[in-house]
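The structure under discussion appears below in the form of structure tokens.
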Amino acid sequence: MRTHLIISEELLRQIDATVGKRRRSRFVEEAVREKLRREMLVAALSSTAGLLSAEAHPEWGTPDEVATWVRESRRRDEQRLGSPTRG
């Protein structure tokens with residue numbers, strides 16, 4: 001789909017110097033996709049901020065406690081699912 005964008009001459013010169021005139025559209029599309037992904041990530045992080053409180057998860061209080069929690073979680077999973085195959 002074609003569209004009309006207005007950008008500064010300086011920005012256009014930088015785009016052309018970086019990717020060339022014949023690759024402008026692809027470059028701008030990729031840049032917009034990347035920016036949208038970041039914006040969506042920020043929105044997701046903002047909407048979920050605070051869901052995991054330190055009070056609700058005291059087992060994550062220190063790095064040592066986290067490591068113990070991870071080891072125990074893996075041990076329980078291995079018991080439930082069977083030992084993982086090592087290859």
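Ordered as shown in the structure tokens, chains take letters A, B, and onward, while each chain numbers its residues from 1 and ligands are numbered from 1 in the order shown.
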Identify all residues of chain A in helix (DSSP H, G or I) (DSSP on the backbone) and supply them as an MDAnalysis selection string.
chainID A and resid 9:19 21:48 58:60 63:81
Coordinates-based distance that separates atom CA of Arg80 of chain A from atom CA of Ala56 of chain A (Å, one decimal):
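If I compute the distance from atom CA of Ala56 of chain A to atom CA of Arg80 of chain A, I get 24.8 Å.
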Would you work out the distance separating atom CA of Leu12 of chain A from atom CA of Val28 of chain A, expressed in Å to one decimal?
10.2 Å
